[in-house]
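Pasting final06.tsv here (TSV, C-alpha atoms):
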```tsv
chain	number	residue	atom	x	y	z
A	187	MET	CA	141.79	120.54	196.30
A	188	TYR	CA	142.21	121.27	192.58
A	189	ILE	CA	138.63	122.58	192.39
A	190	LYS	CA	139.19	124.82	195.42
A	191	LYS	CA	142.32	126.36	193.83
A	192	PHE	CA	140.52	126.79	190.51
A	193	THR	CA	137.59	128.51	192.24
A	194	LYS	CA	139.88	130.93	194.10
A	195	THR	CA	141.83	131.69	190.91
A	196	ALA	CA	138.64	132.18	188.88
A	197	SER	CA	137.21	134.47	191.57
A	198	PHE	CA	140.41	136.52	191.58
A	199	ILE	CA	140.39	136.86	187.77
A	200	ILE	CA	136.72	137.87	187.77
A	201	ALA	CA	137.43	140.52	190.43
A	202	LEU	CA	140.33	141.88	188.36
A	203	LEU	CA	138.23	142.02	185.22
A	204	ALA	CA	135.37	143.74	187.04
A	205	GLY	CA	137.78	146.32	188.46
A	206	SER	CA	139.36	147.03	185.09
A	207	THR	CA	135.93	147.45	183.52
A	208	LEU	CA	134.98	150.03	186.11
A	209	THR	CA	138.25	151.88	185.69
A	210	SER	CA	138.29	151.85	181.90
A	211	GLY	CA	134.69	153.09	181.76
A	212	ALA	CA	135.59	156.30	183.58
A	213	GLN	CA	136.20	159.22	181.24
A	214	GLU	CA	139.39	161.19	181.76
A	215	ILE	CA	138.71	164.93	181.51
A	216	ASN	CA	142.26	166.09	182.25
A	217	GLY	CA	144.17	167.52	179.32
A	218	THR	CA	143.68	170.06	176.57
A	219	TRP	CA	140.38	170.31	174.70
A	220	SER	CA	139.68	172.60	171.76
A	221	GLY	CA	136.84	173.63	169.50
A	222	LEU	CA	135.54	176.42	167.27
A	223	ILE	CA	132.85	178.89	168.20
A	224	GLN	CA	131.03	179.79	164.98
A	225	VAL	CA	129.70	183.33	164.97
A	226	PRO	CA	128.61	185.22	161.85
A	227	GLN	CA	131.65	185.72	159.59
A	228	VAL	CA	134.10	184.62	162.31
A	229	GLU	CA	135.42	181.35	163.75
A	230	LEU	CA	136.81	181.72	167.24
A	231	PRO	CA	139.01	178.90	168.51
A	232	LEU	CA	138.54	178.08	172.18
A	233	VAL	CA	141.01	175.96	174.16
A	234	LEU	CA	140.22	174.46	177.57
A	235	HIS	CA	143.07	173.22	179.81
A	236	VAL	CA	141.93	170.90	182.64
A	237	ASN	CA	143.92	169.44	185.51
A	238	GLY	CA	142.73	167.68	188.65
A	239	ALA	CA	141.06	164.57	190.05
A	240	ASP	CA	138.04	163.33	192.00
A	241	GLY	CA	135.91	166.40	191.34
A	242	ALA	CA	138.62	168.89	192.32
A	243	TYR	CA	139.48	170.38	188.95
A	244	GLN	CA	141.32	173.52	187.94
A	245	ALA	CA	141.02	174.90	184.44
A	246	THR	CA	141.87	177.81	182.19
A	247	VAL	CA	140.58	178.90	178.81
A	248	ASP	CA	142.43	180.41	175.86
A	249	SER	CA	140.91	182.39	173.00
A	250	PRO	CA	143.95	182.62	170.69
A	251	LYS	CA	142.30	184.70	167.96
A	252	GLN	CA	141.39	187.30	170.60
A	253	GLN	CA	144.89	187.14	172.15
A	254	LYS	CA	143.41	185.96	175.48
A	255	PHE	CA	145.30	183.20	177.30
A	256	GLY	CA	145.01	181.56	180.72
A	257	LEU	CA	141.56	182.92	181.59
A	258	PRO	CA	140.67	181.24	184.89
A	259	VAL	CA	137.62	178.99	184.98
A	260	ASP	CA	135.64	179.75	188.14
A	261	THR	CA	133.92	176.37	188.41
A	262	LEU	CA	134.26	173.12	186.51
A	263	THR	CA	132.25	170.00	187.20
A	264	PHE	CA	132.50	166.66	185.49
A	265	GLU	CA	130.06	163.93	186.52
A	266	ASN	CA	128.43	161.10	184.58
A	267	ASP	CA	130.19	162.20	181.37
A	268	GLN	CA	128.66	165.69	181.72
A	269	LEU	CA	131.05	168.65	181.62
A	270	ARG	CA	130.11	172.11	182.85
A	271	PHE	CA	132.38	175.09	183.31
A	272	VAL	CA	131.75	178.75	184.11
A	273	LEU	CA	133.71	181.96	183.60
A	274	VAL	CA	131.77	184.38	185.81
A	275	ASN	CA	133.37	187.67	184.72
A	276	LEU	CA	132.80	186.88	181.04
A	277	ARG	CA	129.27	185.59	181.71
A	278	CYS	CA	130.13	182.31	179.95
A	279	VAL	CA	128.81	178.82	180.62
A	280	TYR	CA	129.61	175.64	178.75
A	281	GLU	CA	127.56	172.46	179.15
A	282	GLY	CA	128.45	169.34	177.21
A	283	LYS	CA	128.32	165.57	177.15
A	284	VAL	CA	131.09	163.14	176.26
A	285	VAL	CA	130.02	161.34	173.09
A	286	GLN	CA	133.32	159.54	172.47
A	287	GLN	CA	136.50	159.17	174.49
A	288	ASP	CA	138.02	162.28	172.92
A	289	SER	CA	134.89	164.23	171.94
A	290	ILE	CA	132.40	166.40	173.83
A	291	GLU	CA	129.29	167.93	172.26
A	292	GLY	CA	127.77	170.91	173.98
A	293	ILE	CA	126.48	174.46	174.11
A	294	PHE	CA	128.52	177.58	174.89
A	295	THR	CA	126.43	180.43	176.30
A	296	GLN	CA	127.68	183.97	176.76
A	297	ALA	CA	125.46	186.78	178.00
A	298	GLY	CA	122.33	184.85	177.05
A	299	THR	CA	123.43	183.85	173.53
A	300	SER	CA	123.88	180.10	173.02
A	301	ILE	CA	126.08	178.56	170.32
A	302	PRO	CA	126.97	174.90	169.68
A	303	LEU	CA	130.56	174.11	170.69
A	304	ASN	CA	132.06	170.69	170.24
A	305	LEU	CA	135.38	170.00	171.94
A	306	GLY	CA	138.01	167.51	170.87
A	307	LYS	CA	140.81	166.29	173.10
A	308	LYS	CA	144.25	167.20	171.84
A	309	LYS	CA	146.85	164.46	171.76
A	310	ASP	CA	149.89	165.11	173.97
```

Once more with this new file: its structure as structure tokens, please.
Amino acid sequence: MYIKKFTKTASFIIALLAGSTLTSGAQEINGTWSGLIQVPQVELPLVLHVNGADGAYQATVDSPKQQKFGLPVDTLTFENDQLRFVLVNLRCVYEGKVVQQDSIEGIFTQAGTSIPLNLGKKKD
């Protein structure tokens, strides 16, 4: 009887640990991310605001130095630690990969010109 209880308890603990491992491994993309676009003689801050879950994300972009705020992101996908978002009217695409929990390294492309853009997650 003692062995049966121990086996059930051990199985339950293993299931809990496995579940927490799966959950903690998932990257959270929601929140505010920011980075600097380096162009000759100018640094342009870019801020990405993301909200959503299970592939249904909504996002906006700010370019504070250009006095542009709340620009709607047309599409945003986040799968397998890969982030991609598009602003159709501005002909902008960002593609990046999560390299740490609060850091994404990627490329920002606008009208055919590609520039490295690394994003860091802002603390609330």

Find the residues around segment 217-227 of chain A up to 12 Å (all atoms listed in the file counted), leave out those fewer than 2 positions away in its own chain, and share them as a PyMOL selection string. chain A and resi 213-215+229-239+243-251+269+280+284+287-296+299-310

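Using all atoms listed in the file, the set of residues no farther than 10 Å from the position (131.1, 175.9, 185.5) comprises A:Val259, A:Asp260, A:Thr261, A:Leu262, A:Thr263, A:Phe264, A:Leu269, A:Arg270, A:Phe271, A:Val272, A:Leu273, A:Val274, A:Cys278, A:Val279, A:Tyr280, A:Glu281.
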
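Note that atom CA of Gly241 of chain A and atom CA of Gln286 of chain A are 20.2 Å apart.
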
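Taking atom CA of Phe255 of chain A and atom CA of Asn216 of chain A as the two end points, the separation is 18.1 Å.
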
Figure out the distance between atom CA of Leu276 of chain A and atom CA of Ala297 of chain A, please, to one decimal in Å. 7.9 Å
